[in-house]
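Structure file start_18.json (JSON, C-alpha atoms) is printed below.
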[["chain", "number", "residue", "atom", "x", "y", "z"],
["Q", 1, "MET", "CA", 138.23, 87.58, 142.58],
["Q", 2, "ASP", "CA", 138.57, 89.97, 145.48],
["Q", 3, "GLU", "CA", 141.04, 89.62, 148.34],
["Q", 4, "ILE", "CA", 138.37, 88.71, 150.93],
["Q", 5, "GLN", "CA", 137.07, 85.86, 148.75],
["Q", 6, "GLU", "CA", 140.61, 84.65, 148.15],
["Q", 7, "ASP", "CA", 141.33, 84.64, 151.91],
["Q", 8, "GLN", "CA", 138.10, 82.73, 152.59],
["Q", 9, "ASP", "CA", 138.91, 80.21, 149.88],
["Q", 10, "LEU", "CA", 142.35, 79.60, 151.36],
["Q", 11, "PHE", "CA", 140.97, 79.25, 154.88],
["Q", 12, "PHE", "CA", 138.28, 76.72, 153.95],
["Q", 13, "MET", "CA", 140.57, 74.78, 151.60],
["Q", 14, "GLU", "CA", 143.18, 74.51, 154.37],
["Q", 15, "LEU", "CA", 140.48, 72.92, 156.55],
["Q", 16, "ALA", "CA", 139.64, 70.51, 153.72],
["Q", 17, "LEU", "CA", 143.34, 69.65, 153.39],
["Q", 18, "ARG", "CA", 143.50, 68.86, 157.12],
["Q", 19, "GLN", "CA", 140.66, 66.39, 156.56],
["Q", 20, "ALA", "CA", 142.58, 64.89, 153.62],
["Q", 21, "GLU", "CA", 145.61, 64.47, 155.88],
["Q", 22, "LEU", "CA", 143.46, 62.63, 158.43],
["Q", 23, "ALA", "CA", 142.19, 60.36, 155.67],
["Q", 24, "PHE", "CA", 145.79, 59.69, 154.61],
["Q", 25, "ARG", "CA", 146.71, 58.64, 158.17],
["Q", 26, "GLU", "CA", 143.63, 56.38, 158.23],
["Q", 27, "ASP", "CA", 144.76, 54.73, 154.97],
["Q", 28, "GLU", "CA", 141.82, 56.21, 153.04],
["Q", 29, "VAL", "CA", 142.27, 58.01, 149.73],
["Q", 30, "PRO", "CA", 143.16, 61.50, 151.01],
["Q", 31, "VAL", "CA", 140.25, 63.69, 149.99],
["Q", 32, "GLY", "CA", 138.74, 66.27, 152.31],
["Q", 33, "ALA", "CA", 135.68, 68.50, 152.06],
["Q", 34, "VAL", "CA", 134.24, 71.49, 153.89],
["Q", 35, "LEU", "CA", 130.65, 72.62, 153.43],
["Q", 36, "VAL", "CA", 130.00, 76.29, 154.19],
["Q", 37, "GLY", "CA", 126.52, 77.69, 154.73],
["Q", 38, "PRO", "CA", 125.12, 80.88, 153.18],
["Q", 39, "ASP", "CA", 126.12, 82.84, 156.27],
["Q", 40, "GLY", "CA", 129.73, 81.57, 156.21],
["Q", 41, "GLU", "CA", 129.17, 79.01, 158.99],
["Q", 42, "ILE", "CA", 130.98, 75.70, 158.62],
["Q", 43, "LEU", "CA", 128.29, 73.02, 158.32],
["Q", 44, "ALA", "CA", 130.59, 70.03, 157.79],
["Q", 45, "GLU", "CA", 134.25, 69.03, 157.72],
["Q", 46, "THR", "CA", 134.61, 65.55, 156.29],
["Q", 47, "ARG", "CA", 136.98, 63.15, 154.59],
["Q", 48, "ASN", "CA", 136.81, 59.93, 152.60],
["Q", 49, "GLN", "CA", 135.77, 57.07, 154.88],
["Q", 50, "MET", "CA", 134.87, 54.26, 152.49],
["Q", 51, "ILE", "CA", 137.07, 51.72, 154.26],
["Q", 52, "ALA", "CA", 136.18, 52.78, 157.81],
["Q", 53, "LEU", "CA", 132.45, 52.85, 157.11],
["Q", 54, "LYS", "CA", 132.51, 49.93, 154.66],
["Q", 55, "ASP", "CA", 130.48, 52.10, 152.33],
["Q", 56, "PRO", "CA", 131.44, 52.79, 148.70],
["Q", 57, "THR", "CA", 129.46, 56.04, 148.80],
["Q", 58, "ALA", "CA", 131.33, 57.44, 151.83],
["Q", 59, "HIS", "CA", 133.23, 60.02, 149.80],
["Q", 60, "ALA", "CA", 134.10, 63.28, 151.54],
["Q", 61, "GLU", "CA", 131.56, 65.21, 149.43],
["Q", 62, "ILE", "CA", 128.68, 62.83, 150.14],
["Q", 63, "LEU", "CA", 129.40, 62.84, 153.87],
["Q", 64, "ALA", "CA", 129.55, 66.66, 153.87],
["Q", 65, "ILE", "CA", 126.23, 66.90, 152.03],
["Q", 66, "ARG", "CA", 124.59, 64.47, 154.48],
["Q", 67, "GLU", "CA", 125.89, 66.35, 157.52],
["Q", 68, "GLY", "CA", 124.96, 69.75, 156.11],
["Q", 69, "ALA", "CA", 121.44, 68.61, 155.22],
["Q", 70, "LYS", "CA", 120.92, 67.32, 158.76],
["Q", 71, "LYS", "CA", 122.14, 70.61, 160.27],
["Q", 72, "LEU", "CA", 119.97, 72.72, 158.00],
["Q", 73, "GLY", "CA", 117.01, 70.36, 158.19],
["Q", 74, "ASN", "CA", 116.68, 70.33, 154.41],
["Q", 75, "TYR", "CA", 118.17, 68.34, 151.55],
["Q", 76, "ARG", "CA", 118.43, 71.54, 149.55],
["Q", 77, "LEU", "CA", 121.64, 73.29, 150.49],
["Q", 78, "LEU", "CA", 120.76, 76.59, 148.84],
["Q", 79, "GLY", "CA", 123.45, 79.23, 149.05],
["Q", 80, "CYS", "CA", 126.07, 76.74, 150.29],
["Q", 81, "LYS", "CA", 129.63, 76.36, 149.04],
["Q", 82, "LEU", "CA", 131.53, 73.09, 148.99],
["Q", 83, "TYR", "CA", 135.32, 73.08, 149.18],
["Q", 84, "VAL", "CA", 136.98, 69.81, 148.10],
["Q", 85, "THR", "CA", 140.64, 68.91, 147.71],
["Q", 86, "LEU", "CA", 140.04, 66.81, 144.57],
["Q", 87, "GLU", "CA", 137.62, 67.28, 141.68],
["Q", 88, "PRO", "CA", 134.49, 65.27, 142.45],
["Q", 89, "CYS", "CA", 133.65, 61.99, 140.71],
["Q", 90, "PRO", "CA", 130.35, 61.50, 138.80],
["Q", 91, "MET", "CA", 128.48, 60.24, 141.89],
["Q", 92, "CYS", "CA", 129.54, 63.20, 143.99],
["Q", 93, "ALA", "CA", 129.05, 65.71, 141.17],
["Q", 94, "TYR", "CA", 125.43, 64.68, 140.74],
["Q", 95, "ALA", "CA", 124.86, 64.68, 144.51],
["Q", 96, "ILE", "CA", 126.14, 68.27, 144.51],
["Q", 97, "VAL", "CA", 123.57, 69.13, 141.82],
["Q", 98, "LEU", "CA", 120.75, 67.33, 143.68],
["Q", 99, "ALA", "CA", 121.65, 69.20, 146.89],
["Q", 100, "ARG", "CA", 121.38, 72.50, 144.98],
["Q", 101, "ILE", "CA", 124.79, 73.63, 146.21],
["Q", 102, "GLU", "CA", 125.52, 77.09, 144.86],
["Q", 103, "GLU", "CA", 129.27, 76.81, 144.33],
["Q", 104, "LEU", "CA", 131.94, 74.11, 144.19],
["Q", 105, "ILE", "CA", 135.57, 75.02, 144.76],
["Q", 106, "TYR", "CA", 138.10, 72.23, 144.28],
["Q", 107, "ALA", "CA", 141.87, 72.31, 144.62],
["Q", 108, "THR", "CA", 143.07, 69.91, 141.94],
["Q", 109, "PRO", "CA", 141.54, 68.28, 138.88],
["Q", 110, "ASP", "CA", 141.15, 64.52, 138.55],
["Q", 111, "PRO", "CA", 142.03, 63.55, 134.98],
["Q", 112, "LYS", "CA", 140.84, 59.95, 135.49],
["Q", 113, "THR", "CA", 137.42, 60.33, 137.12],
["Q", 114, "GLY", "CA", 136.76, 64.07, 137.42],
["Q", 115, "ALA", "CA", 133.19, 65.00, 136.64],
["Q", 116, "CYS", "CA", 133.38, 68.76, 137.17],
["Q", 117, "GLY", "CA", 135.36, 69.71, 134.09],
["Q", 118, "SER", "CA", 137.96, 67.01, 133.40],
["Q", 119, "ILE", "CA", 136.03, 64.10, 131.88],
["Q", 120, "TYR", "CA", 132.47, 65.30, 132.40],
["Q", 121, "ASN", "CA", 131.01, 68.54, 133.67],
["Q", 122, "ILE", "CA", 127.88, 67.38, 135.44],
["Q", 123, "PRO", "CA", 127.37, 70.45, 137.68],
["Q", 124, "ALA", "CA", 127.37, 72.80, 134.68],
["Q", 125, "ASP", "CA", 125.20, 70.67, 132.39],
["Q", 126, "PRO", "CA", 122.35, 72.90, 131.18],
["Q", 127, "ARG", "CA", 120.09, 69.85, 130.69],
["Q", 128, "LEU", "CA", 119.87, 69.41, 134.47],
["Q", 129, "ASN", "CA", 117.49, 71.39, 136.66],
["Q", 130, "HIS", "CA", 120.31, 73.05, 138.63],
["Q", 131, "GLN", "CA", 123.77, 74.26, 137.68],
["Q", 132, "VAL", "CA", 126.61, 74.83, 140.11],
["Q", 133, "ARG", "CA", 129.30, 77.51, 139.79],
["Q", 134, "ILE", "CA", 132.71, 75.85, 139.73],
["Q", 135, "ARG", "CA", 136.08, 77.33, 140.61],
["Q", 136, "THR", "CA", 139.44, 75.58, 140.81],
["Q", 137, "GLY", "CA", 142.91, 76.04, 142.09],
["Q", 138, "PRO", "CA", 143.25, 77.15, 145.70],
["Q", 139, "LEU", "CA", 146.12, 75.15, 147.24],
["Q", 140, "ARG", "CA", 146.39, 72.90, 144.19],
["Q", 141, "GLU", "CA", 150.04, 71.98, 144.81],
["Q", 142, "LYS", "CA", 149.35, 70.87, 148.39],
["Q", 143, "ALA", "CA", 146.36, 68.79, 147.32],
["Q", 144, "GLU", "CA", 148.33, 67.15, 144.51],
["Q", 145, "LYS", "CA", 151.24, 66.37, 146.83],
["Q", 146, "ILE", "CA", 149.16, 64.58, 149.43],
["Q", 147, "LEU", "CA", 147.51, 62.44, 146.73],
["Q", 148, "LYS", "CA", 150.84, 61.62, 145.05],
["Q", 149, "ASP", "CA", 152.47, 60.76, 148.39],
["Q", 150, "PHE", "CA", 149.54, 58.49, 149.29],
["Q", 151, "PHE", "CA", 149.72, 56.50, 146.06],
["Q", 152, "ILE", "CA", 153.52, 56.29, 146.17],
["Q", 153, "GLN", "CA", 153.19, 54.83, 149.67],
["Q", 154, "LYS", "CA", 150.52, 52.38, 148.45],
["Q", 155, "ARG", "CA", 152.73, 51.19, 145.60],
["Q", 156, "GLN", "CA", 155.72, 50.73, 147.93],
["Q", 157, "LYS", "CA", 153.62, 48.64, 150.35],
["Q", 158, "SER", "CA", 152.50, 46.37, 147.52],
["Q", 159, "ILE", "CA", 156.07, 45.58, 146.43]]

Would you write the structure of this file as structure tokens?
Amino acid sequence: MDEIQEDQDLFFMELALRQAELAFREDEVPVGAVLVGPDGEILAETRNQMIALKDPTAHAEILAIREGAKKLGNYRLLGCKLYVTLEPCPMCAYAIVLARIEELIYATPDPKTGACGSIYNIPADPRLNHQVRIRTGPLREKAEKILKDFFIQKRQKSI
């Protein structure tokens, strides 16, 4: 990977982490997402809002896809990149495929529900009509820390 790509990845993942921090403060599972258009324009900056919206599908990725589709006026997000702080779940992974997103970049794997390499690999499944390039790792430690801190806090509140 070249230095320009690495700098872009860090920039967009930092924005996704800011969204995760907002989710944390709102007592939502701290996951953030940033959708970037083919020209490098930010189409959406979102976070988990399942509690706030009373919607089990209000994951950061789904909200980013919805916002990006509205901005582009098309459900197909051709040439777009999605940056997410946590590996997407099966619902989000398939939504990424349906949206025809070109590339998914996530910070940290999810060994319990990850569907982009950990448990399943939906976006790379050759049986589907679209495959998504997947990269991992930018700012992994920061993404892991915010998730660990959130669940530690949750456990302490329940004691």

### Message
If I take atom CA of Q:Leu139 and atom CA of Q:Lys70, how far is one from the other in Å, to one decimal?
### Response
28.8 Å

### Query
Using only C-alpha atoms, which residues sit within 9 Å of Q:Glu45 once same-chain residues fewer than 2 positions away are excluded, as a ChimeraX atom specification?
/Q:15-16,19,32-35,42-43,47,60,63-64,67

### Task
Figure out the distance between atom CA of Q:Ala115 and atom CA of Q:Leu82, please, to one decimal in Å.
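Interatomic distance here is 14.9 Å.
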
### Query
If you count only C-alpha atoms, which residues fall within 9 Å of Q:Asp110, apart from same-chain ones fewer than 3 positions away, as JSON, numbers by chain?
{"Q": [86, 87, 88, 89, 113, 114, 115, 116, 117, 118, 119]}

### Query
Looking at all atoms listed in the file, which of Q:Leu17, Q:Arg25, Q:Glu6, Q:Ala93 is the one that sits closest to Q:Gln153?
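Residue with the minimum atom-to-atom distance to Q:Gln153: Q:Arg25.
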
### Query
Quick one: of Q:Leu98, Q:Thr136, Q:Lys112, Q:Ile4, who's nearest to Q:Leu77, counting only C-alpha atoms?
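The answer is Q:Leu98, which sits nearest to Q:Leu77.
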
Emit as lines of an AutoDock Vina configuration file the padded axis-aligned box for all listed atoms of stretch 57-71 of chain Q, 6 Å per side, with centre and edge lengths in Å to one decimal.
center_x = 127.5
center_y = 63.3
center_z = 154.5
size_x = 25.2
size_y = 26.6
size_z = 23.5

### Query
How far is it from atom CA of Q:Thr85 to atom CA of Q:Ala107, in Å with one decimal?
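Separating atom CA of Q:Thr85 from atom CA of Q:Ala107 is a distance of 4.8 Å.
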
### Query
For Q:His59, which residue among Q:Val36, Q:Pro90, Q:Glu41, Q:Lys145 is the nearest when counting all atoms listed in the file?
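Of Q:Val36, Q:Pro90, Q:Glu41, Q:Lys145, the one nearest Q:His59 is Q:Pro90, counting all atoms listed in the file.
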
### Query
Of the candidates Q:Glu141, Q:Glu28, Q:Glu61, Q:Glu102, which shows the shortest atom-to-atom distance to Q:Lys154, using all atoms listed in the file?
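For Q:Lys154, the nearest of the candidates is Q:Glu28.
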
### Query
Using only C-alpha atoms, can you list as a VMD selection string the residues within 7 Å of (145.2, 59.8, 148.6)?
chain Q and resid 24 28 to 31 146 to 148 150 to 151

Selection from above, C-alpha atoms, as a CSV table (one decimal), keeping the file's coordinate frame, can you write it?
chain,number,residue,atom,x,y,z
Q,24,PHE,CA,145.8,59.7,154.6
Q,28,GLU,CA,141.8,56.2,153.0
Q,29,VAL,CA,142.3,58.0,149.7
Q,30,PRO,CA,143.2,61.5,151.0
Q,31,VAL,CA,140.2,63.7,150.0
Q,146,ILE,CA,149.2,64.6,149.4
Q,147,LEU,CA,147.5,62.4,146.7
Q,148,LYS,CA,150.8,61.6,145.0
Q,150,PHE,CA,149.5,58.5,149.3
Q,151,PHE,CA,149.7,56.5,146.1

### Message
(121.7, 76.8, 150.7) in this file's frame - what residues fall within 8 Å of it? Use only C-alpha atoms and give the answer as a list of chain:residue names.
### Response
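Taken together, the residues in range are Q:Gly37, Q:Pro38, Q:Arg76, Q:Leu77, Q:Leu78, Q:Gly79, Q:Cys80, Q:Arg100, Q:Ile101, Q:Glu102.
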
#### Entry: Non-local contacts of stretch 132-135 of chain Q (7 Å; all atoms listed in the file; under 6 positions in same chain excluded) as an NGL selection string
:Q and (97 or 101-106 or 123-124)

Can you give me N, CA and C atoms for stretch 122-156 of chain Q, written as a PDB file, in the frame of the given file?
ATOM      1  N   ILE Q 122     129.253  67.589 134.980  1.00  0.00           N
ATOM      2  CA  ILE Q 122     127.880  67.380 135.440  1.00  0.00           C
ATOM      3  C   ILE Q 122     127.281  68.626 136.100  1.00  0.00           C
ATOM      4  N   PRO Q 123     128.000  69.310 136.999  1.00  0.00           N
ATOM      5  CA  PRO Q 123     127.370  70.450 137.680  1.00  0.00           C
ATOM      6  C   PRO Q 123     127.039  71.638 136.770  1.00  0.00           C
ATOM      7  N   ALA Q 124     127.632  71.682 135.588  1.00  0.00           N
ATOM      8  CA  ALA Q 124     127.370  72.800 134.680  1.00  0.00           C
ATOM      9  C   ALA Q 124     126.490  72.389 133.500  1.00  0.00           C
ATOM     10  N   ASP Q 125     125.992  71.166 133.505  1.00  0.00           N
ATOM     11  CA  ASP Q 125     125.200  70.670 132.390  1.00  0.00           C
ATOM     12  C   ASP Q 125     123.855  71.396 132.329  1.00  0.00           C
ATOM     13  N   PRO Q 126     123.589  72.130 131.269  1.00  0.00           N
ATOM     14  CA  PRO Q 126     122.350  72.900 131.180  1.00  0.00           C
ATOM     15  C   PRO Q 126     121.087  72.043 131.061  1.00  0.00           C
ATOM     16  N   ARG Q 127     121.250  70.748 130.782  1.00  0.00           N
ATOM     17  CA  ARG Q 127     120.090  69.850 130.690  1.00  0.00           C
ATOM     18  C   ARG Q 127     119.538  69.496 132.070  1.00  0.00           C
ATOM     19  N   LEU Q 128     120.314  69.725 133.103  1.00  0.00           N
ATOM     20  CA  LEU Q 128     119.870  69.410 134.470  1.00  0.00           C
ATOM     21  C   LEU Q 128     119.113  70.596 135.045  1.00  0.00           C
ATOM     22  N   ASN Q 129     118.346  70.333 136.106  1.00  0.00           N
ATOM     23  CA  ASN Q 129     117.490  71.390 136.660  1.00  0.00           C
ATOM     24  C   ASN Q 129     118.230  72.354 137.577  1.00  0.00           C
ATOM     25  N   HIS Q 130     119.511  72.140 137.813  1.00  0.00           N
ATOM     26  CA  HIS Q 130     120.310  73.050 138.630  1.00  0.00           C
ATOM     27  C   HIS Q 130     121.744  73.024 138.112  1.00  0.00           C
ATOM     28  N   GLN Q 131     122.358  74.174 138.040  1.00  0.00           N
ATOM     29  CA  GLN Q 131     123.770  74.260 137.680  1.00  0.00           C
ATOM     30  C   GLN Q 131     124.531  74.862 138.859  1.00  0.00           C
ATOM     31  N   VAL Q 132     125.760  74.422 138.997  1.00  0.00           N
ATOM     32  CA  VAL Q 132     126.610  74.830 140.110  1.00  0.00           C
ATOM     33  C   VAL Q 132     127.785  75.630 139.547  1.00  0.00           C
ATOM     34  N   ARG Q 133     128.081  76.766 140.156  1.00  0.00           N
ATOM     35  CA  ARG Q 133     129.300  77.510 139.790  1.00  0.00           C
ATOM     36  C   ARG Q 133     130.494  76.684 140.242  1.00  0.00           C
ATOM     37  N   ILE Q 134     131.516  76.638 139.410  1.00  0.00           N
ATOM     38  CA  ILE Q 134     132.710  75.850 139.730  1.00  0.00           C
ATOM     39  C   ILE Q 134     133.933  76.752 139.615  1.00  0.00           C
ATOM     40  N   ARG Q 135     134.778  76.659 140.643  1.00  0.00           N
ATOM     41  CA  ARG Q 135     136.080  77.330 140.610  1.00  0.00           C
ATOM     42  C   ARG Q 135     137.140  76.319 141.003  1.00  0.00           C
ATOM     43  N   THR Q 136     138.354  76.524 140.515  1.00  0.00           N
ATOM     44  CA  THR Q 136     139.440  75.580 140.810  1.00  0.00           C
ATOM     45  C   THR Q 136     140.680  76.314 141.275  1.00  0.00           C
ATOM     46  N   GLY Q 137     141.570  75.541 141.878  1.00  0.00           N
ATOM     47  CA  GLY Q 137     142.910  76.040 142.090  1.00  0.00           C
ATOM     48  C   GLY Q 137     143.431  76.364 143.450  1.00  0.00           C
ATOM     49  N   PRO Q 138     142.604  76.766 144.447  1.00  0.00           N
ATOM     50  CA  PRO Q 138     143.250  77.150 145.700  1.00  0.00           C
ATOM     51  C   PRO Q 138     143.969  75.961 146.333  1.00  0.00           C
ATOM     52  N   LEU Q 139     145.254  76.151 146.587  1.00  0.00           N
ATOM     53  CA  LEU Q 139     146.120  75.150 147.240  1.00  0.00           C
ATOM     54  C   LEU Q 139     146.276  73.880 146.403  1.00  0.00           C
ATOM     55  N   ARG Q 140     146.273  74.050 145.109  1.00  0.00           N
ATOM     56  CA  ARG Q 140     146.390  72.900 144.190  1.00  0.00           C
ATOM     57  C   ARG Q 140     147.642  72.064 144.462  1.00  0.00           C
ATOM     58  N   GLU Q 141     148.785  72.714 144.630  1.00  0.00           N
ATOM     59  CA  GLU Q 141     150.040  71.980 144.810  1.00  0.00           C
ATOM     60  C   GLU Q 141     149.996  71.108 146.066  1.00  0.00           C
ATOM     61  N   LYS Q 142     149.447  71.645 147.149  1.00  0.00           N
ATOM     62  CA  LYS Q 142     149.350  70.870 148.390  1.00  0.00           C
ATOM     63  C   LYS Q 142     148.428  69.666 148.213  1.00  0.00           C
ATOM     64  N   ALA Q 143     147.316  69.875 147.548  1.00  0.00           N
ATOM     65  CA  ALA Q 143     146.360  68.790 147.320  1.00  0.00           C
ATOM     66  C   ALA Q 143     146.972  67.709 146.433  1.00  0.00           C
ATOM     67  N   GLU Q 144     147.682  68.120 145.394  1.00  0.00           N
ATOM     68  CA  GLU Q 144     148.330  67.150 144.510  1.00  0.00           C
ATOM     69  C   GLU Q 144     149.396  66.362 145.254  1.00  0.00           C
ATOM     70  N   LYS Q 145     150.160  67.035 146.103  1.00  0.00           N
ATOM     71  CA  LYS Q 145     151.240  66.370 146.830  1.00  0.00           C
ATOM     72  C   LYS Q 145     150.712  65.288 147.759  1.00  0.00           C
ATOM     73  N   ILE Q 146     149.680  65.579 148.503  1.00  0.00           N
ATOM     74  CA  ILE Q 146     149.160  64.580 149.430  1.00  0.00           C
ATOM     75  C   ILE Q 146     148.631  63.354 148.680  1.00  0.00           C
ATOM     76  N   LEU Q 147     147.995  63.563 147.544  1.00  0.00           N
ATOM     77  CA  LEU Q 147     147.510  62.440 146.730  1.00  0.00           C
ATOM     78  C   LEU Q 147     148.679  61.634 146.160  1.00  0.00           C
ATOM     79  N   LYS Q 148     149.676  62.316 145.606  1.00  0.00           N
ATOM     80  CA  LYS Q 148     150.840  61.620 145.050  1.00  0.00           C
ATOM     81  C   LYS Q 148     151.562  60.828 146.135  1.00  0.00           C
ATOM     82  N   ASP Q 149     151.779  61.449 147.288  1.00  0.00           N
ATOM     83  CA  ASP Q 149     152.470  60.760 148.390  1.00  0.00           C
ATOM     84  C   ASP Q 149     151.695  59.518 148.831  1.00  0.00           C
ATOM     85  N   PHE Q 150     150.375  59.622 148.883  1.00  0.00           N
ATOM     86  CA  PHE Q 150     149.540  58.490 149.290  1.00  0.00           C
ATOM     87  C   PHE Q 150     149.714  57.317 148.327  1.00  0.00           C
ATOM     88  N   PHE Q 151     149.639  57.585 147.028  1.00  0.00           N
ATOM     89  CA  PHE Q 151     149.720  56.500 146.060  1.00  0.00           C
ATOM     90  C   PHE Q 151     151.136  55.960 145.910  1.00  0.00           C
ATOM     91  N   ILE Q 152     152.136  56.793 146.135  1.00  0.00           N
ATOM     92  CA  ILE Q 152     153.520  56.290 146.170  1.00  0.00           C
ATOM     93  C   ILE Q 152     153.664  55.306 147.329  1.00  0.00           C
ATOM     94  N   GLN Q 153     153.156  55.702 148.479  1.00  0.00           N
ATOM     95  CA  GLN Q 153     153.190  54.830 149.670  1.00  0.00           C
ATOM     96  C   GLN Q 153     152.466  53.523 149.411  1.00  0.00           C
ATOM     97  N   LYS Q 154     151.299  53.589 148.762  1.00  0.00           N
ATOM     98  CA  LYS Q 154     150.520  52.380 148.450  1.00  0.00           C
ATOM     99  C   LYS Q 154     151.315  51.444 147.529  1.00  0.00           C
ATOM    100  N   ARG Q 155     151.948  52.015 146.525  1.00  0.00           N
ATOM    101  CA  ARG Q 155     152.730  51.190 145.600  1.00  0.00           C
ATOM    102  C   ARG Q 155     153.917  50.538 146.302  1.00  0.00           C
ATOM    103  N   GLN Q 156     154.560  51.282 147.197  1.00  0.00           N
ATOM    104  CA  GLN Q 156     155.720  50.730 147.930  1.00  0.00           C
ATOM    105  C   GLN Q 156     155.291  49.599 148.857  1.00  0.00           C
TER     106      GLN Q 156
END
